[in-house]
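Novice: mmCIF, C-alpha atoms, saved as target.cif, coming up:
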data_entry
#
loop_
_atom_site.group_PDB
_atom_site.id
_atom_site.type_symbol
_atom_site.label_atom_id
_atom_site.label_comp_id
_atom_site.auth_asym_id
_atom_site.auth_seq_id
_atom_site.Cartn_x
_atom_site.Cartn_y
_atom_site.Cartn_z
ATOM 1 C CA GLY A 1 0.000 0.000 0.000
ATOM 2 C CA ALA A 2 0.902 3.684 -0.057
ATOM 3 C CA VAL A 3 2.605 5.300 2.927
ATOM 4 C CA VAL A 4 2.726 8.996 3.749
ATOM 5 C CA SER A 5 5.190 10.104 6.400
ATOM 6 C CA GLN A 6 4.669 13.374 8.215
ATOM 7 C CA HIS A 7 7.269 15.045 10.403
ATOM 8 C CA PRO A 8 7.412 16.202 13.122
ATOM 9 C CA SER A 9 4.560 14.573 14.990
ATOM 10 C CA ARG A 10 4.608 17.272 17.662
ATOM 11 C CA VAL A 11 6.186 20.699 17.819
ATOM 12 C CA ILE A 12 6.076 23.531 20.300
ATOM 13 C CA CYS A 13 7.244 26.922 19.147
ATOM 14 C CA LYS A 14 7.325 30.455 20.465
ATOM 15 C CA SER A 15 4.931 33.072 19.206
ATOM 16 C CA GLY A 16 6.384 34.943 16.229
ATOM 17 C CA THR A 17 8.607 32.142 14.984
ATOM 18 C CA SER A 18 8.099 29.925 11.923
ATOM 19 C CA VAL A 19 7.567 26.191 11.832
ATOM 20 C CA LYS A 20 8.061 23.814 8.921
ATOM 21 C CA ILE A 21 6.122 20.569 8.566
ATOM 22 C CA GLU A 22 7.199 17.916 6.070
ATOM 23 C CA CYS A 23 5.043 15.443 4.204
ATOM 24 C CA ARG A 24 6.706 12.641 2.262
ATOM 25 C CA SER A 25 5.313 9.913 0.073
ATOM 26 C CA LEU A 26 7.539 6.912 0.802
ATOM 27 C CA ASP A 27 6.738 4.369 -1.872
ATOM 28 C CA PHE A 28 5.035 6.333 -4.605
ATOM 29 C CA GLN A 29 5.274 9.638 -6.414
ATOM 30 C CA ALA A 30 2.694 12.252 -5.546
ATOM 31 C CA THR A 31 2.118 15.093 -7.964
ATOM 32 C CA THR A 32 -0.663 16.349 -5.721
ATOM 33 C CA MET A 33 -0.695 16.634 -1.952
ATOM 34 C CA PHE A 34 -3.233 18.215 0.342
ATOM 35 C CA TRP A 35 -2.894 20.077 3.635
ATOM 36 C CA TYR A 36 -5.629 20.031 6.266
ATOM 37 C CA ARG A 37 -6.049 21.662 9.657
ATOM 38 C CA GLN A 38 -8.123 20.242 12.474
ATOM 39 C CA PHE A 39 -9.127 22.051 15.652
ATOM 40 C CA PRO A 40 -10.180 20.071 18.745
ATOM 41 C CA LYS A 41 -13.462 18.224 18.330
ATOM 42 C CA GLN A 42 -13.863 19.517 14.801
ATOM 43 C CA SER A 43 -13.560 17.974 11.369
ATOM 44 C CA LEU A 44 -10.652 18.331 8.969
ATOM 45 C CA MET A 45 -10.610 21.568 7.030
ATOM 46 C CA LEU A 46 -8.829 21.607 3.689
ATOM 47 C CA MET A 47 -6.318 24.435 3.596
ATOM 48 C CA ALA A 48 -4.621 24.001 0.248
ATOM 49 C CA THR A 49 -3.740 21.703 -2.595
ATOM 50 C CA SER A 50 -0.043 21.340 -3.260
ATOM 51 C CA ASN A 51 1.063 20.657 -6.822
ATOM 52 C CA GLU A 52 4.574 19.553 -7.734
ATOM 53 C CA GLY A 53 6.392 22.209 -9.698
ATOM 54 C CA SER A 54 3.702 24.857 -9.445
ATOM 55 C CA LYS A 55 2.034 27.166 -6.962
ATOM 56 C CA ALA A 56 -0.305 25.759 -4.374
ATOM 57 C CA THR A 57 -4.024 26.342 -4.619
ATOM 58 C CA TYR A 58 -5.434 27.746 -1.392
ATOM 59 C CA GLU A 59 -8.984 27.381 -0.107
ATOM 60 C CA GLN A 60 -11.011 30.473 0.499
ATOM 61 C CA GLY A 61 -10.061 32.251 3.696
ATOM 62 C CA VAL A 62 -6.619 30.644 4.056
ATOM 63 C CA GLU A 63 -3.779 33.176 4.118
ATOM 64 C CA LYS A 64 -1.211 32.330 1.464
ATOM 65 C CA ASP A 65 1.534 34.417 3.026
ATOM 66 C CA LYS A 66 1.055 32.829 6.411
ATOM 67 C CA PHE A 67 0.899 29.204 5.316
ATOM 68 C CA LEU A 68 3.666 28.730 2.781
ATOM 69 C CA ILE A 69 3.538 25.533 0.788
ATOM 70 C CA ASN A 70 6.381 24.146 -1.270
ATOM 71 C CA HIS A 71 6.146 21.009 -3.389
ATOM 72 C CA ALA A 72 9.558 20.866 -4.990
ATOM 73 C CA SER A 73 9.748 17.153 -5.674
ATOM 74 C CA LEU A 74 7.414 14.273 -6.418
ATOM 75 C CA THR A 75 7.808 12.900 -2.902
ATOM 76 C CA LEU A 76 7.959 15.953 -0.653
ATOM 77 C CA SER A 77 5.632 18.793 0.227
ATOM 78 C CA THR A 78 6.263 21.219 3.066
ATOM 79 C CA LEU A 79 3.986 23.544 4.980
ATOM 80 C CA THR A 80 5.585 26.469 6.779
ATOM 81 C CA VAL A 81 3.530 28.338 9.334
ATOM 82 C CA THR A 82 5.094 31.786 9.399
ATOM 83 C CA SER A 83 4.994 34.167 12.349
ATOM 84 C CA ALA A 84 3.036 31.652 14.340
ATOM 85 C CA HIS A 85 0.556 32.809 16.968
ATOM 86 C CA PRO A 86 -1.334 30.859 19.624
ATOM 87 C CA GLU A 87 -4.440 30.747 17.428
ATOM 88 C CA ASP A 88 -2.416 28.741 14.880
ATOM 89 C CA SER A 89 -2.137 25.932 17.399
ATOM 90 C CA SER A 90 -3.851 22.991 15.752
ATOM 91 C CA PHE A 91 -3.454 19.516 14.295
ATOM 92 C CA TYR A 92 -2.092 19.713 10.746
ATOM 93 C CA ILE A 93 -2.510 16.709 8.456
ATOM 94 C CA CYS A 94 -1.232 16.087 4.961
ATOM 95 C CA SER A 95 -2.589 13.742 2.347
ATOM 96 C CA ALA A 96 -1.311 12.492 -0.975
ATOM 97 C CA ARG A 97 -3.061 11.028 -3.939
ATOM 98 C CA SER A 98 -1.552 7.624 -4.626
ATOM 99 C CA PRO A 99 -2.368 4.815 -7.041
ATOM 100 C CA TYR A 100 -4.442 3.378 -4.198
ATOM 101 C CA GLY A 101 -6.429 6.485 -3.408
ATOM 102 C CA TYR A 102 -5.914 9.265 -0.881
ATOM 103 C CA THR A 103 -3.451 8.412 1.870
ATOM 104 C CA PHE A 104 -3.069 10.552 4.975
ATOM 105 C CA GLY A 105 -0.091 11.267 7.159
ATOM 106 C CA SER A 106 -0.228 10.787 10.912
ATOM 107 C CA GLY A 107 -0.508 14.504 11.588
ATOM 108 C CA THR A 108 1.491 17.202 13.365
ATOM 109 C CA ARG A 109 0.345 18.697 16.643
ATOM 110 C CA LEU A 110 1.491 22.340 16.660
ATOM 111 C CA THR A 111 1.407 24.285 19.905
ATOM 112 C CA VAL A 112 2.360 27.963 19.827
ATOM 113 C CA VAL A 113 3.227 29.448 23.207
ATOM 114 C CA ASP B 1 -18.570 23.294 0.961
ATOM 115 C CA ALA B 2 -19.043 19.874 2.559
ATOM 116 C CA LYS B 3 -21.666 17.941 0.662
ATOM 117 C CA THR B 4 -22.539 15.288 3.213
ATOM 118 C CA THR B 5 -24.749 15.060 6.282
ATOM 119 C CA GLN B 6 -24.227 12.467 8.994
ATOM 120 C CA PRO B 7 -25.665 11.877 12.466
ATOM 121 C CA PRO B 8 -23.293 13.308 15.077
ATOM 122 C CA SER B 9 -22.999 10.083 17.054
ATOM 123 C CA MET B 10 -24.074 6.448 17.214
ATOM 124 C CA ASP B 11 -23.649 3.546 19.597
ATOM 125 C CA CYS B 12 -23.196 -0.078 18.616
ATOM 126 C CA ALA B 13 -22.872 -3.272 20.635
ATOM 127 C CA GLU B 14 -19.673 -5.218 20.210
ATOM 128 C CA GLY B 15 -20.066 -8.049 17.701
ATOM 129 C CA ARG B 16 -23.097 -6.503 16.058
ATOM 130 C CA ALA B 17 -23.219 -4.776 12.703
ATOM 131 C CA ALA B 18 -22.716 -1.022 12.716
ATOM 132 C CA ASN B 19 -24.725 0.806 10.063
ATOM 133 C CA LEU B 20 -23.628 4.391 9.502
ATOM 134 C CA PRO B 21 -25.869 6.511 7.271
ATOM 135 C CA CYS B 22 -24.852 9.438 5.107
ATOM 136 C CA ASN B 23 -26.884 11.880 3.081
ATOM 137 C CA HIS B 24 -25.351 13.399 -0.053
ATOM 138 C CA SER B 25 -28.390 14.647 -1.899
ATOM 139 C CA THR B 26 -26.467 17.192 -4.010
ATOM 140 C CA ILE B 27 -23.922 14.724 -5.336
ATOM 141 C CA SER B 28 -23.074 14.997 -9.020
ATOM 142 C CA GLY B 29 -23.060 12.073 -11.426
ATOM 143 C CA ASN B 30 -19.301 11.627 -11.509
ATOM 144 C CA GLU B 31 -18.542 12.292 -7.843
ATOM 145 C CA TYR B 32 -17.409 9.375 -5.737
ATOM 146 C CA VAL B 33 -18.385 8.690 -2.132
ATOM 147 C CA TYR B 34 -15.478 7.954 0.202
ATOM 148 C CA TRP B 35 -15.459 6.746 3.793
ATOM 149 C CA TYR B 36 -12.586 7.346 6.176
ATOM 150 C CA ARG B 37 -12.294 6.974 9.924
ATOM 151 C CA GLN B 38 -10.134 8.775 12.432
ATOM 152 C CA ILE B 39 -9.038 7.535 15.798
ATOM 153 C CA HIS B 40 -8.115 10.245 18.242
ATOM 154 C CA SER B 41 -5.049 12.291 17.243
ATOM 155 C CA GLN B 42 -4.214 10.148 14.234
ATOM 156 C CA GLY B 43 -4.520 10.683 10.510
ATOM 157 C CA PRO B 44 -7.676 9.449 8.763
ATOM 158 C CA GLN B 45 -7.696 5.826 7.643
ATOM 159 C CA TYR B 46 -9.244 4.803 4.339
ATOM 160 C CA ILE B 47 -12.169 2.396 4.557
ATOM 161 C CA ILE B 48 -13.947 2.163 1.225
ATOM 162 C CA HIS B 49 -15.254 4.178 -1.693
ATOM 163 C CA GLY B 50 -17.777 3.819 -4.514
ATOM 164 C CA LEU B 51 -19.570 5.556 -7.346
ATOM 165 C CA LYS B 52 -22.929 3.847 -7.794
ATOM 166 C CA ASN B 53 -22.517 0.123 -7.240
ATOM 167 C CA ASN B 54 -22.372 -1.438 -3.811
ATOM 168 C CA GLU B 55 -18.839 -2.208 -2.702
ATOM 169 C CA THR B 56 -17.310 -4.603 -0.209
ATOM 170 C CA ASN B 57 -13.798 -5.097 1.083
ATOM 171 C CA GLU B 58 -12.176 -6.716 4.091
ATOM 172 C CA MET B 59 -13.149 -3.835 6.335
ATOM 173 C CA ALA B 60 -16.659 -2.889 5.366
ATOM 174 C CA SER B 61 -19.492 -2.732 2.868
ATOM 175 C CA LEU B 62 -20.810 0.375 1.172
ATOM 176 C CA ILE B 63 -24.431 0.483 0.081
ATOM 177 C CA ILE B 64 -25.345 3.366 -2.244
ATOM 178 C CA THR B 65 -28.980 4.066 -3.058
ATOM 179 C CA GLU B 66 -30.043 3.924 -6.672
ATOM 180 C CA ASP B 67 -30.552 7.692 -6.848
ATOM 181 C CA ARG B 68 -27.103 8.130 -5.187
ATOM 182 C CA LYS B 69 -28.501 10.630 -2.702
ATOM 183 C CA SER B 70 -27.522 8.577 0.301
ATOM 184 C CA SER B 71 -25.316 5.707 1.353
ATOM 185 C CA THR B 72 -24.677 3.426 4.327
ATOM 186 C CA LEU B 73 -21.383 2.133 5.610
ATOM 187 C CA ILE B 74 -21.678 -1.281 7.225
ATOM 188 C CA LEU B 75 -19.111 -2.693 9.630
ATOM 189 C CA PRO B 76 -20.318 -6.300 9.812
ATOM 190 C CA HIS B 77 -18.981 -7.246 13.250
ATOM 191 C CA ALA B 78 -17.991 -4.174 15.206
ATOM 192 C CA THR B 79 -15.193 -4.442 17.757
ATOM 193 C CA LEU B 80 -14.084 -2.029 20.454
ATOM 194 C CA ARG B 81 -11.243 -0.945 18.188
ATOM 195 C CA ASP B 82 -13.770 0.324 15.655
ATOM 196 C CA THR B 83 -14.640 3.194 18.005
ATOM 197 C CA ALA B 84 -13.705 6.271 15.980
ATOM 198 C CA VAL B 85 -15.051 9.228 14.033
ATOM 199 C CA TYR B 86 -16.350 8.085 10.655
ATOM 200 C CA TYR B 87 -16.359 10.540 7.792
ATOM 201 C CA CYS B 88 -18.509 10.252 4.698
ATOM 202 C CA ILE B 89 -16.908 12.343 1.974
ATOM 203 C CA VAL B 90 -17.802 13.318 -1.549
ATOM 204 C CA ARG B 91 -14.799 13.713 -3.791
ATOM 205 C CA VAL B 92 -15.141 17.141 -5.381
ATOM 206 C CA ALA B 93 -13.699 18.204 -8.718
ATOM 207 C CA ALA B 94 -11.240 21.085 -8.456
ATOM 208 C CA GLU B 95 -8.979 23.083 -10.719
ATOM 209 C CA TYR B 96 -5.972 20.823 -10.193
ATOM 210 C CA GLY B 97 -7.827 17.560 -9.897
ATOM 211 C CA ASN B 98 -10.141 16.108 -7.311
ATOM 212 C CA LYS B 99 -10.095 16.799 -3.603
ATOM 213 C CA LEU B 100 -11.707 15.332 -0.493
ATOM 214 C CA VAL B 101 -13.816 17.787 1.483
ATOM 215 C CA PHE B 102 -14.702 16.433 4.911
ATOM 216 C CA GLY B 103 -18.058 16.802 6.604
ATOM 217 C CA ALA B 104 -18.678 16.747 10.334
ATOM 218 C CA GLY B 105 -18.517 12.959 10.716
ATOM 219 C CA THR B 106 -20.205 10.463 13.040
ATOM 220 C CA ILE B 107 -18.694 9.447 16.362
ATOM 221 C CA LEU B 108 -19.203 5.692 16.593
ATOM 222 C CA ARG B 109 -18.936 4.204 20.054
ATOM 223 C CA VAL B 110 -18.714 0.429 20.188
ATOM 224 C CA LYS B 111 -19.667 -0.863 23.605
ATOM 225 C CA SER B 112 -19.130 -4.238 25.237
#
Just dump the structure as structure tokens.

Specialist:
Amino acid sequence: GAVVSQHPSRVICKSGTSVKIECRSLDFQATTMFWYRQFPKQSLMLMATSNEGSKATYEQGVEKDKFLINHASLTLSTLTVTSAHPEDSSFYICSARSPYGYTFGSGTRLTVV
Amino acid sequence: DAKTTQPPSMDCAEGRAANLPCNHSTISGNEYVYWYRQIHSQGPQYIIHGLKNNETNEMASLIITEDRKSSTLILPHATLRDTAVYYCIVRVAAEYGNKLVFGAGTILRVKS
């Protein structure tokens, strides 16, 4: 099957700093990856679609300059939360479209203090 | 722009079948129905998907009504480990391909 690895699983950062989250497809090439955010007791909210070699497509209401997405290779997409604030604390999850369907990473718990 | 409606929670006795309903009355003809589940603080796990025919795999069965406006996920013999949030999702066409837009989900509690 397809495996998506997400790193780190947990991160605590100070307010005003930036945090990078990596999403890798381990045994397949992913031209398209997706980034979701999930607040406690809520569903997953799609933030953006990451396309290899081109600009990401952001959902309405998601700040492009705050959530920087880079998809420079067929196996790696990164999400950088810039100038993080406590309200950015959330569970961030990536997903990749594989030959087997849509596979999700294990998520990153971001806490901004 | 979630296109599905699910009951917020359901209980099921261990060993019995769990039947999780989903309404997707605005689904388009070429949009698939996907089911995923999420156990606390983990990434969603794929269960099954279908277009218009009923589907079955080692985890579950998916029954889609003839008009495609609703579907039911069936876990034939629920175990305690099946306790999770179950999401019924319609795969939506987008500019750069299709995407999964999650609805609110159903919290399934399997009880002994």

Novice: Mind listing as a list of chain:residue names which residues of chain A are within 9 Å of chain B, counting all atoms listed in the file?

Specialist: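 Selected residues: A:Thr32, A:Phe34, A:Gln42, A:Ser43, A:Leu44, A:Met45, A:Leu46, A:Thr49, A:Asn51, A:Thr57, A:Phe91, A:Ile93, A:Cys94, A:Ser95, A:Gly101, A:Tyr102, A:Thr103, A:Phe104, A:Gly105, A:Ser106, A:Gly107, A:Arg109.
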
Novice: Applying 9 Å and all atoms listed in the file, which residues near B:Thr4 remain after dropping the ones on its own chain fewer than 5 positions away? List them as a tab-separated table (two decimals) with C-alpha atoms, in the coordinates of the input.

Specialist:
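Below is the file selection_24.tsv, written as the result:
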chain	number	residue	atom	x	y	z
B	22	CYS	CA	-24.85	9.44	5.11
B	23	ASN	CA	-26.88	11.88	3.08
B	24	HIS	CA	-25.35	13.40	-0.05
B	25	SER	CA	-28.39	14.65	-1.90
B	26	THR	CA	-26.47	17.19	-4.01
B	27	ILE	CA	-23.92	14.72	-5.34
B	70	SER	CA	-27.52	8.58	0.30
B	88	CYS	CA	-18.51	10.25	4.70
B	89	ILE	CA	-16.91	12.34	1.97
B	90	VAL	CA	-17.80	13.32	-1.55
B	102	PHE	CA	-14.70	16.43	4.91
B	103	GLY	CA	-18.06	16.80	6.60
B	104	ALA	CA	-18.68	16.75	10.33
B	105	GLY	CA	-18.52	12.96	10.72

Novice: Would you kindly return, as a CSV table (one decimal) with C-alpha atoms, in the frame of the given file, each protein, DNA or RNA residue with an atom no farther than 7 Å from any atom of stretch 57-60 of chain B, considering only C-alpha atoms and excluding same-chain residues fewer than 3 positions away?

Specialist:
chain,number,residue,atom,x,y,z
B,47,ILE,CA,-12.2,2.4,4.6
B,73,LEU,CA,-21.4,2.1,5.6
B,74,ILE,CA,-21.7,-1.3,7.2
B,75,LEU,CA,-19.1,-2.7,9.6
B,76,PRO,CA,-20.3,-6.3,9.8

Novice: Using the chain letters and numbers from the file, give me the residues hit by the PyMOL selection byres ((chain A and resi 13) around 9), as a PyMOL selection string.

Specialist: chain A and resi 11-12+14-19+84+110-113

Novice: Please provide as a ChimeraX atom specification all residues within 12 Å of stretch 16-19 of chain B, with the sequence filter that same-chain residues fewer than 5 positions apart are discarded (counting all atoms listed in the file).

Specialist: /B:6-7,9-11,59-63,71-80,82-83,86,106-112

Novice: List every protein, DNA or RNA residue with an atom no more than 8 Å from (9.7, 10.4, 3.2) in the file's coordinates, counting all atoms listed in the file, and format the result as a PyMOL selection string.

Specialist: chain A and resi 4-6+23-26+75-76

Novice: Go ahead and compute the interatomic distance for atom CA of A:His71 and atom CA of A:Lys55, in Å to one decimal.

Specialist: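 Going from atom CA of A:His71 over to atom CA of A:Lys55 covers 8.2 Å.
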
Novice: So how many Å separate atom CA of B:Asn53 and atom CA of B:Tyr32, to one decimal?

Specialist: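 Rounded to one decimal, the two atoms are 10.7 Å apart.
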
Novice: Using only C-alpha atoms, which residues sit within 6 Å of A:Ile21 once same-chain residues fewer than 5 positions away are excluded, as a short mmCIF file (atom, residue, chain, number, x, y, z; two decimals) with C-alpha atoms, in the coordinates of the input?

Specialist:
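Result went into around07.cif, see below:
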data_model
loop_
_atom_site.label_atom_id
_atom_site.label_comp_id
_atom_site.auth_asym_id
_atom_site.auth_seq_id
_atom_site.Cartn_x
_atom_site.Cartn_y
_atom_site.Cartn_z
CA HIS A 7 7.27 15.04 10.40
CA THR A 78 6.26 21.22 3.07
CA LEU A 79 3.99 23.54 4.98
#

Novice: Using all atoms listed in the file, which residues sit within 7 Å of stretch 60-70 of chain A once same-chain residues fewer than 3 positions away are excluded, as a PyMOL selection string?

Specialist: chain A and resi 47+50+56+77-82

Novice: Is it possible to add N, CA and C atoms to stretch 88-99 of chain B and hand it back as a PDB file, in the coordinates of the input?

Specialist:
ATOM      1  N   CYS B  88     -17.981  10.501   6.032  1.00  0.00           N
ATOM      2  CA  CYS B  88     -18.509  10.252   4.698  1.00  0.00           C
ATOM      3  C   CYS B  88     -18.136  11.473   3.858  1.00  0.00           C
ATOM      4  N   ILE B  89     -17.486  11.242   2.744  1.00  0.00           N
ATOM      5  CA  ILE B  89     -16.908  12.343   1.974  1.00  0.00           C
ATOM      6  C   ILE B  89     -17.286  12.204   0.507  1.00  0.00           C
ATOM      7  N   VAL B  90     -17.610  13.308  -0.102  1.00  0.00           N
ATOM      8  CA  VAL B  90     -17.802  13.318  -1.549  1.00  0.00           C
ATOM      9  C   VAL B  90     -16.555  13.915  -2.176  1.00  0.00           C
ATOM     10  N   ARG B  91     -15.980  13.203  -3.102  1.00  0.00           N
ATOM     11  CA  ARG B  91     -14.799  13.713  -3.791  1.00  0.00           C
ATOM     12  C   ARG B  91     -15.239  14.774  -4.801  1.00  0.00           C
ATOM     13  N   VAL B  92     -14.701  15.981  -4.615  1.00  0.00           N
ATOM     14  CA  VAL B  92     -15.141  17.141  -5.381  1.00  0.00           C
ATOM     15  C   VAL B  92     -14.121  17.475  -6.458  1.00  0.00           C
ATOM     16  N   ALA B  93     -14.591  17.794  -7.640  1.00  0.00           N
ATOM     17  CA  ALA B  93     -13.699  18.204  -8.718  1.00  0.00           C
ATOM     18  C   ALA B  93     -13.158  19.595  -8.429  1.00  0.00           C
ATOM     19  N   ALA B  94     -11.872  19.787  -8.695  1.00  0.00           N
ATOM     20  CA  ALA B  94     -11.240  21.085  -8.456  1.00  0.00           C
ATOM     21  C   ALA B  94     -10.320  21.408  -9.629  1.00  0.00           C
ATOM     22  N   GLU B  95      -9.776  22.599  -9.588  1.00  0.00           N
ATOM     23  CA  GLU B  95      -8.979  23.083 -10.719  1.00  0.00           C
ATOM     24  C   GLU B  95      -7.809  22.157 -11.025  1.00  0.00           C
ATOM     25  N   TYR B  96      -7.141  21.662  -9.982  1.00  0.00           N
ATOM     26  CA  TYR B  96      -5.972  20.823 -10.193  1.00  0.00           C
ATOM     27  C   TYR B  96      -6.274  19.368  -9.908  1.00  0.00           C
ATOM     28  N   GLY B  97      -7.455  18.945 -10.150  1.00  0.00           N
ATOM     29  CA  GLY B  97      -7.827  17.560  -9.897  1.00  0.00           C
ATOM     30  C   GLY B  97      -8.876  17.484  -8.824  1.00  0.00           C
ATOM     31  N   ASN B  98      -9.095  16.287  -8.308  1.00  0.00           N
ATOM     32  CA  ASN B  98     -10.141  16.108  -7.311  1.00  0.00           C
ATOM     33  C   ASN B  98      -9.611  16.300  -5.899  1.00  0.00           C
ATOM     34  N   LYS B  99     -10.487  16.631  -4.989  1.00  0.00           N
ATOM     35  CA  LYS B  99     -10.095  16.799  -3.603  1.00  0.00           C
ATOM     36  C   LYS B  99     -11.177  16.242  -2.691  1.00  0.00           C
TER      37      LYS B  99
END
